[in-house]
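Student: Sharing run.txt below, compact mmCIF, C-alpha atoms:
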```
# COMPACT_ATOMS: atom_id res chain seq x y z
CA ALA A 108 -14.80 1.24 -38.80
CA ILE A 109 -15.89 0.46 -35.26
CA ASP A 110 -15.46 -3.27 -35.89
CA ASP A 111 -11.73 -2.67 -36.29
CA MET A 112 -11.42 -1.12 -32.87
CA SER A 113 -9.89 -3.12 -30.05
CA PRO A 114 -12.14 -4.36 -27.20
CA ALA A 115 -10.40 -1.91 -24.86
CA VAL A 116 -11.32 1.06 -27.09
CA ARG A 117 -14.91 -0.13 -27.64
CA ASN A 118 -15.42 -0.85 -23.95
CA PRO A 119 -13.20 1.24 -21.63
CA LEU A 120 -14.98 -0.26 -18.62
CA TRP A 121 -13.72 -3.71 -19.58
CA HIS A 122 -10.26 -2.25 -20.27
CA TRP A 123 -9.90 -1.25 -16.62
CA MET A 124 -11.72 -4.23 -15.13
CA ALA A 125 -10.10 -7.02 -17.16
CA SER A 126 -6.80 -7.20 -15.27
CA ALA A 127 -8.52 -6.96 -11.88
CA ILE A 128 -10.97 -9.75 -12.70
CA LYS A 129 -8.31 -11.96 -14.31
CA LEU A 130 -6.02 -11.59 -11.31
CA TRP A 131 -8.81 -12.36 -8.85
CA VAL A 132 -9.99 -15.40 -10.84
CA LEU A 133 -6.44 -16.75 -11.13
CA LEU A 134 -5.87 -16.39 -7.39
CA LEU A 135 -9.28 -17.91 -6.70
CA VAL A 136 -8.51 -20.89 -8.95
CA LEU A 137 -5.11 -21.38 -7.32
CA SER A 138 -6.68 -21.28 -3.86
CA GLY A 139 -9.42 -23.68 -4.95
CA LEU A 140 -7.01 -26.18 -6.53
CA PHE A 141 -4.83 -25.99 -3.45
CA GLY A 142 -7.81 -26.76 -1.21
CA ILE A 143 -9.04 -29.59 -3.45
CA TYR A 144 -5.60 -31.20 -3.47
CA ILE A 145 -5.43 -31.08 0.34
CA LYS A 146 -8.92 -32.60 0.56
CA LEU A 147 -8.19 -35.42 -1.86
CA SER A 148 -4.69 -36.22 -0.63
CA GLY A 149 -5.57 -35.91 3.04
CA SER A 150 -2.28 -34.17 3.73
CA HIS A 151 -1.19 -30.57 4.26
CA THR A 152 2.52 -29.91 4.31
CA PRO A 153 4.50 -26.67 4.54
CA TRP A 154 6.01 -27.41 1.14
CA MET A 155 2.53 -27.17 -0.38
CA ASP A 156 2.06 -23.81 1.32
CA LEU A 157 5.40 -22.60 -0.04
CA ILE A 158 4.59 -23.67 -3.60
CA TYR A 159 1.20 -21.98 -3.38
CA GLU A 160 2.72 -18.74 -2.06
CA LEU A 161 5.42 -18.69 -4.75
CA ILE A 162 3.00 -19.32 -7.62
CA SER A 163 0.62 -16.68 -6.27
CA ALA A 164 3.52 -14.22 -5.94
CA VAL A 165 4.50 -14.71 -9.59
CA VAL A 166 0.90 -14.20 -10.76
CA ILE A 167 0.59 -11.01 -8.67
CA LEU A 168 3.92 -9.62 -9.86
CA VAL A 169 2.90 -10.10 -13.51
CA ALA A 170 -0.34 -8.21 -12.84
CA LEU A 171 1.63 -5.53 -10.98
CA VAL A 172 3.86 -4.93 -14.00
CA GLN A 173 0.80 -4.62 -16.25
CA SER A 174 -0.78 -2.10 -13.87
CA TRP A 175 2.38 -0.19 -12.98
CA PRO A 176 1.21 3.23 -14.28
CA LEU A 177 -1.67 3.08 -11.79
CA LEU A 178 0.40 1.92 -8.84
CA HIS A 179 3.87 3.44 -8.97
CA THR A 180 2.85 6.46 -6.87
CA LYS A 181 1.57 4.16 -4.10
CA LEU A 182 4.90 2.34 -4.01
CA LYS A 183 7.04 5.45 -3.70
CA LYS A 184 8.35 6.80 -0.42
CA ASN A 185 5.43 7.57 1.84
CA GLU A 186 4.78 11.32 2.03
CA ILE A 187 2.61 10.98 5.15
CA PRO A 188 4.58 11.73 8.36
CA ILE A 189 5.68 8.56 10.12
CA PRO A 190 3.84 9.41 13.40
CA LEU A 191 0.55 9.82 11.51
CA MET A 192 1.16 6.65 9.52
CA GLY A 193 2.00 4.80 12.74
CA ARG A 194 -1.20 6.12 14.34
CA ASP A 195 -3.31 4.79 11.47
CA ILE A 196 -1.59 1.41 11.61
CA PHE A 197 -2.11 1.21 15.38
CA ILE A 198 -5.79 2.14 15.18
CA GLY A 199 -6.30 -0.33 12.33
CA LEU A 200 -4.60 -3.10 14.29
CA ILE A 201 -6.72 -2.44 17.38
CA ALA A 202 -9.91 -2.39 15.29
CA ILE A 203 -9.04 -5.72 13.65
CA TYR A 204 -7.98 -7.28 16.95
CA VAL A 205 -11.20 -6.34 18.76
CA PHE A 206 -13.47 -7.33 15.88
CA MET A 207 -11.73 -10.66 15.25
CA ASN A 208 -11.73 -11.66 18.90
CA LEU A 209 -15.44 -10.93 19.23
CA TYR A 210 -16.23 -12.62 15.92
CA PHE A 211 -14.33 -15.83 16.59
CA ARG A 212 -15.66 -15.98 20.14
CA LEU A 213 -19.13 -15.94 18.59
CA LEU A 214 -18.11 -18.70 16.15
CA GLY A 215 -16.79 -20.72 19.08
CA MET A 216 -20.14 -20.40 20.85
CA MET A 217 -21.73 -21.78 17.67
CA GLY A 218 -19.42 -24.79 17.76
CA ILE A 219 -17.21 -23.70 14.85
CA GLU A 220 -13.56 -24.46 15.55
CA SER A 221 -10.83 -21.94 14.80
CA ILE A 222 -8.31 -22.57 12.04
CA SER A 223 -4.88 -23.92 13.02
CA TYR A 224 -1.92 -22.43 11.14
CA LEU A 225 0.98 -24.00 13.02
CA GLU A 226 0.03 -27.65 13.39
CA HIS A 227 1.39 -28.91 10.08
CA PHE A 228 4.53 -26.78 10.41
CA GLN A 229 5.16 -28.21 13.85
CA SER A 230 4.58 -31.81 12.74
CA GLN A 231 7.06 -31.40 9.85
CA GLY A 232 9.77 -29.82 11.99
CA TRP A 233 9.69 -26.40 10.32
CA SER A 234 10.94 -23.45 12.36
CA PHE A 235 8.84 -20.58 13.70
CA PHE A 236 10.87 -18.24 11.48
CA SER A 237 9.65 -20.09 8.38
CA VAL A 238 6.08 -19.59 9.58
CA ILE A 239 6.67 -15.85 9.91
CA ILE A 240 7.93 -15.68 6.32
CA MET A 241 5.11 -17.75 4.82
CA ILE A 242 2.13 -16.62 6.89
CA CYS A 243 3.10 -13.04 7.79
CA ILE A 244 5.59 -11.53 5.37
CA MET A 245 4.60 -13.08 2.03
CA PRO A 246 0.83 -12.57 2.37
CA GLY A 247 1.42 -9.13 3.86
CA ILE A 248 3.33 -8.06 0.77
CA PHE A 249 1.67 -9.90 -2.08
CA GLU A 250 -1.98 -9.83 -0.97
CA GLU A 251 -1.68 -6.07 -0.50
CA LEU A 252 -0.12 -5.68 -3.93
CA ALA A 253 -2.99 -7.70 -5.39
CA PHE A 254 -6.06 -6.35 -3.58
CA ARG A 255 -5.22 -2.87 -2.29
CA GLY A 256 -2.88 -2.48 -5.25
CA VAL A 257 -3.86 -3.86 -8.67
CA ILE A 258 -7.51 -4.67 -8.01
CA MET A 259 -8.43 -1.58 -6.01
CA ALA A 260 -6.59 0.78 -8.37
CA ARG A 261 -8.44 -0.59 -11.38
CA LEU A 262 -11.80 -0.57 -9.60
CA GLU A 263 -11.26 3.12 -8.82
CA LYS A 264 -11.07 3.86 -12.54
CA VAL A 265 -14.66 2.67 -13.10
CA SER A 266 -16.37 3.29 -9.75
CA LYS A 267 -16.51 5.65 -6.79
CA PRO A 268 -13.80 5.25 -4.12
CA ARG A 269 -16.28 3.84 -1.59
CA GLU A 270 -17.54 1.27 -4.10
CA ALA A 271 -13.99 0.23 -4.96
CA LEU A 272 -13.24 -0.12 -1.24
CA ILE A 273 -16.21 -2.42 -0.64
CA ILE A 274 -15.77 -4.52 -3.78
CA GLN A 275 -12.08 -5.22 -3.18
CA ALA A 276 -12.90 -6.24 0.42
CA LEU A 277 -15.55 -8.65 -0.87
CA MET A 278 -13.12 -10.12 -3.39
CA PHE A 279 -10.49 -10.44 -0.67
CA SER A 280 -12.87 -12.29 1.66
CA PHE A 281 -14.05 -14.73 -1.00
CA LEU A 282 -10.47 -15.58 -1.95
CA HIS A 283 -10.10 -17.56 1.28
CA LEU A 284 -12.95 -19.94 0.28
CA ILE A 285 -13.96 -20.58 3.90
CA PRO A 286 -17.52 -19.37 4.61
CA ALA A 287 -16.78 -18.92 8.33
CA VAL A 288 -14.19 -16.21 7.57
CA PHE A 289 -16.05 -14.29 4.86
CA ILE A 290 -17.30 -11.68 7.32
CA SER A 291 -14.03 -11.42 9.28
CA HIS A 292 -11.86 -11.09 6.18
CA PHE A 293 -14.29 -8.65 4.60
CA PHE A 294 -13.75 -6.45 7.67
CA ILE A 295 -9.97 -6.87 7.40
CA GLY A 296 -10.14 -5.93 3.71
CA LEU A 297 -12.12 -2.80 4.57
CA VAL A 298 -9.63 -1.70 7.24
CA LEU A 299 -6.65 -2.31 4.96
CA GLY A 300 -8.38 -0.43 2.14
CA ILE A 301 -9.09 2.53 4.41
CA ILE A 302 -5.46 2.59 5.55
CA ARG A 303 -4.35 2.58 1.93
CA ASN A 304 -6.66 5.49 1.10
CA ARG A 305 -5.68 7.53 4.16
CA THR A 306 -1.92 7.11 3.67
CA ARG A 307 -1.99 6.98 -0.16
CA SER A 308 0.52 4.16 0.07
CA LEU A 309 0.56 0.36 0.11
CA TYR A 310 3.37 0.06 2.65
CA PRO A 311 1.33 0.79 5.82
CA GLY A 312 -1.20 -1.87 4.80
CA MET A 313 1.59 -4.37 4.19
CA LEU A 314 2.94 -3.73 7.67
CA LEU A 315 -0.50 -3.90 9.28
CA HIS A 316 -1.38 -7.10 7.40
CA ALA A 317 1.88 -8.78 8.43
CA LEU A 318 1.52 -7.60 12.05
CA TRP A 319 -2.00 -8.98 12.34
CA ASN A 320 -0.98 -12.37 10.91
CA PHE A 321 1.97 -12.37 13.33
CA ILE A 322 -0.36 -11.76 16.28
CA VAL A 323 -2.54 -14.69 15.15
CA ILE A 324 0.33 -17.17 14.94
CA LEU A 325 1.93 -15.81 18.11
CA GLU A 326 -1.27 -16.46 20.07
CA GLU A 327 -1.48 -19.96 18.61
CA HIS A 328 2.22 -20.49 19.33
CA PHE A 329 1.73 -19.95 23.06
CA ARG A 330 -1.58 -21.81 23.14
CA ILE A 331 -0.25 -25.08 21.66
CA GLY A 332 3.32 -24.96 22.92
CA GLY A 333 4.61 -23.56 19.66
CA LEU A 334 7.61 -23.95 17.44
CA THR A 335 11.24 -23.20 18.07
```
Since I need it in another form, could you write the structure as C-alpha cells?

Tutor:
Amino acid sequence: AIDDMSPAVRNPLWHWMASAIKLWVLLLVLSGLFGIYIKLSGSHTPWMDLIYELISAVVILVALVQSWPLLHTKLKKNEIPIPLMGRDIFIGLIAIYVFMNLYFRLLGMMGIESISYLEHFQSQGWSFFSVIIMICIMPGIFEELAFRGVIMARLEKVSKPREALIIQALMFSFLHLIPAVFISHFFIGLVLGIIRNRTRSLYPGMLLHALWNFIVILEEHFRIGGLT
C-alpha cells in the first residue's frame, strides 16, 4: 500500500531537498544564535569564533557523509589542467575583487561602515596566523563543502543547473545574516558556483574562497596596523 511507503519514495523531490534544507537551517540557526549571544553579552572573542567554526564544521561533515555518493567525484583529483584551473581562479578572484571594492565603496558613500574582522583578535592578543586559519582556511574548506558541495549537488537533482547555481548563492548570502552583505555575498556565491561547474571540482573554489578572505584581512591588517 502507498501508505507504507517511506516519505522519500512517495516524494523524491523531498528526498533530495531534505538534507540541503536541513543543513542550511542548522547553519542559519548556529549563525543566528552566535549573533544573538554577541548582541546580548556585548562581547566578541576569538574563542567564540573558534567554537562556532568547529561546531559548523562538524555539522557540515555529517551532511557530507550523508551526501557522499553525490560528491565523491568532485573531491577526487582535479582532471582539469592546472593552468586552466589557475586561469579560472584568477579570473574569479579579479571579478570578486572589482565587484566588492565598488560595492563597499557605494556602501561607504551611504554611511554604512565596513565590517572589522581583526579588531577582536588584536585586542585578545591572537596571532595573524590564527586569523588566517579561522577566517580564510576553515571557511574556505567547510563553506565550499556545504554550499557548492552538499547543497548545490542536491539542488541539481531537482532543478536545472542554472537554478541550482542561483539558489545556492541566495542561501549562501542569507547565511551571513547581515543585510548589507546580501548582494555582495550572493555575487561571491555565484562566482564560486560557476568555478565549481567549470572545473567540476570543489578544490578550486576552496582555494579562491580562502584567497579572497585572505585579501580582505590583509587589507585590514595594513589599514589598522595589524597583528603579528

Student: Just the residues within 12 Å of Ile219 of chain A, please, counting only C-alpha atoms, with nothing from its chain fewer than 4 positions along; format it as a VMD selection string.

Tutor: chain A and resid 210 to 215 285 to 288

Student: Rounded to one decimal in Å, what is the spacing between atom CA of Ile244 of chain A and atom CA of Gly296 of chain A?

Tutor: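 Atom CA of Ile244 of chain A sits 16.8 Å away from atom CA of Gly296 of chain A.
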
Student: Which of these, A:Ser221, A:Asn208, A:Ser138, A:Gln275, has the shortest distance to Arg255 of chain A once you count all atoms listed in the file?

Tutor: A:Gln275

Student: So how far away is atom CA of Leu161 of chain A from atom CA of His122 of chain A, in Å?

Tutor: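 Answer for the atom CA of His122 of chain A to atom CA of Leu161 of chain A separation: 27.5 Å.
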
Student: Between A:Gly193, A:Ile274, A:Arg330, A:Lys181, which is the closest to Asn304 of chain A once you count all atoms listed in the file?

Tutor: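 So, comparing all the options, the nearest one is A:Lys181.
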
Student: Quick one: of A:Met207, A:Ser237, A:Phe249, A:Lys129, who's nearest to Ser291 of chain A, counting only C-alpha atoms?

Tutor: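 That would be A:Met207, the residue with the smallest distance to Ser291 of chain A.
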
Student: Can you work out which one of A:Leu252, A:Ala125, A:Val132, A:Met216 has the shortest atom-to-atom distance to His179 of chain A, counting all atoms listed in the file?

Tutor: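 Ranked by minimum distance to His179 of chain A, first place goes to A:Leu252.
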
Student: Point out the residue among A:Leu177, A:His227, A:Met259, A:Leu297 with the least atom-to-atom distance to Ile128 of chain A, counting all atoms listed in the file.

Tutor: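 Of the candidates, the smallest distance to Ile128 of chain A is held by A:Met259.
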
Student: Calculated over all atoms listed in the file, which of the candidates A:Gly256, A:Gly247, A:Pro153, A:Pro188 has the smallest distance to Trp175 of chain A?

Tutor: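 Comparing A:Gly256, A:Gly247, A:Pro153, A:Pro188 against Trp175 of chain A, the winner is A:Gly256.
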
Student: Would you give me, as CSV, each residue of segment 214-278 of chain A having an atom within 12 Å of an atom of segment 311-325 of chain A, along with its shortest atom pair and that distance in Å to one decimal, using all atoms listed in the file and sorting by chain and residue number?

Tutor:
```
residue,atom,partner,partner_atom,distance
A:Ser221,CA,A:Val323,CA,11.0
A:Ile222,CA,A:Val323,CA,10.2
A:Ser223,CA,A:Ile324,CA,8.7
A:Tyr224,CA,A:Ile324,CA,6.9
A:Leu225,CA,A:Ile324,CA,7.1
A:Glu226,CA,A:Ile324,CA,10.6
A:Phe228,CA,A:Ile324,CA,11.4
A:Phe235,CA,A:Ile324,CA,9.3
A:Phe236,CA,A:Phe321,CA,10.8
A:Ser237,CA,A:Ile324,CA,11.8
A:Val238,CA,A:Ile324,CA,8.2
A:Ile239,CA,A:Phe321,CA,6.8
A:Ile240,CA,A:Ala317,CA,9.4
A:Met241,CA,A:Asn320,CA,10.2
A:Ile242,CA,A:Asn320,CA,6.6
A:Cys243,CA,A:Ala317,CA,4.5
A:Ile244,CA,A:Ala317,CA,5.5
A:Met245,CA,A:Ala317,CA,8.2
A:Pro246,CA,A:Ala317,CA,7.2
A:Gly247,CA,A:Ala317,CA,4.6
A:Ile248,CA,A:Met313,CA,5.3
A:Phe249,CA,A:Met313,CA,8.4
A:Glu250,CA,A:Met313,CA,8.3
A:Glu251,CA,A:Met313,CA,6.0
A:Leu252,CA,A:Met313,CA,8.4
A:Ala253,CA,A:Met313,CA,11.1
A:Phe254,CA,A:Gly312,CA,10.7
A:Arg255,CA,A:Gly312,CA,8.2
A:Gly256,CA,A:Gly312,CA,10.2
```

Student: Mind giving me the straight-line distance from atom CA of Leu133 of chain A to atom CA of Arg261 of chain A in Å, one decimal?

Tutor: 16.3 Å

Student: Counting only C-alpha atoms, which residues sit no farther than 8 Å from the position (-9.0, -25.3, -1.2) in the file's frame? I'd like them as an MDAnalysis selection string.

Tutor: chainID A and resid 138:146 284

Student: Near segment 172-174 of chain A, counting only C-alpha atoms, which residues have an atom at most 10 Å away, once you skip same-chain residues fewer than 2 positions from it, shown as a PyMOL selection string?

Tutor: chain A and resi 123+126-127+167-170+176-179+256-258+260-261
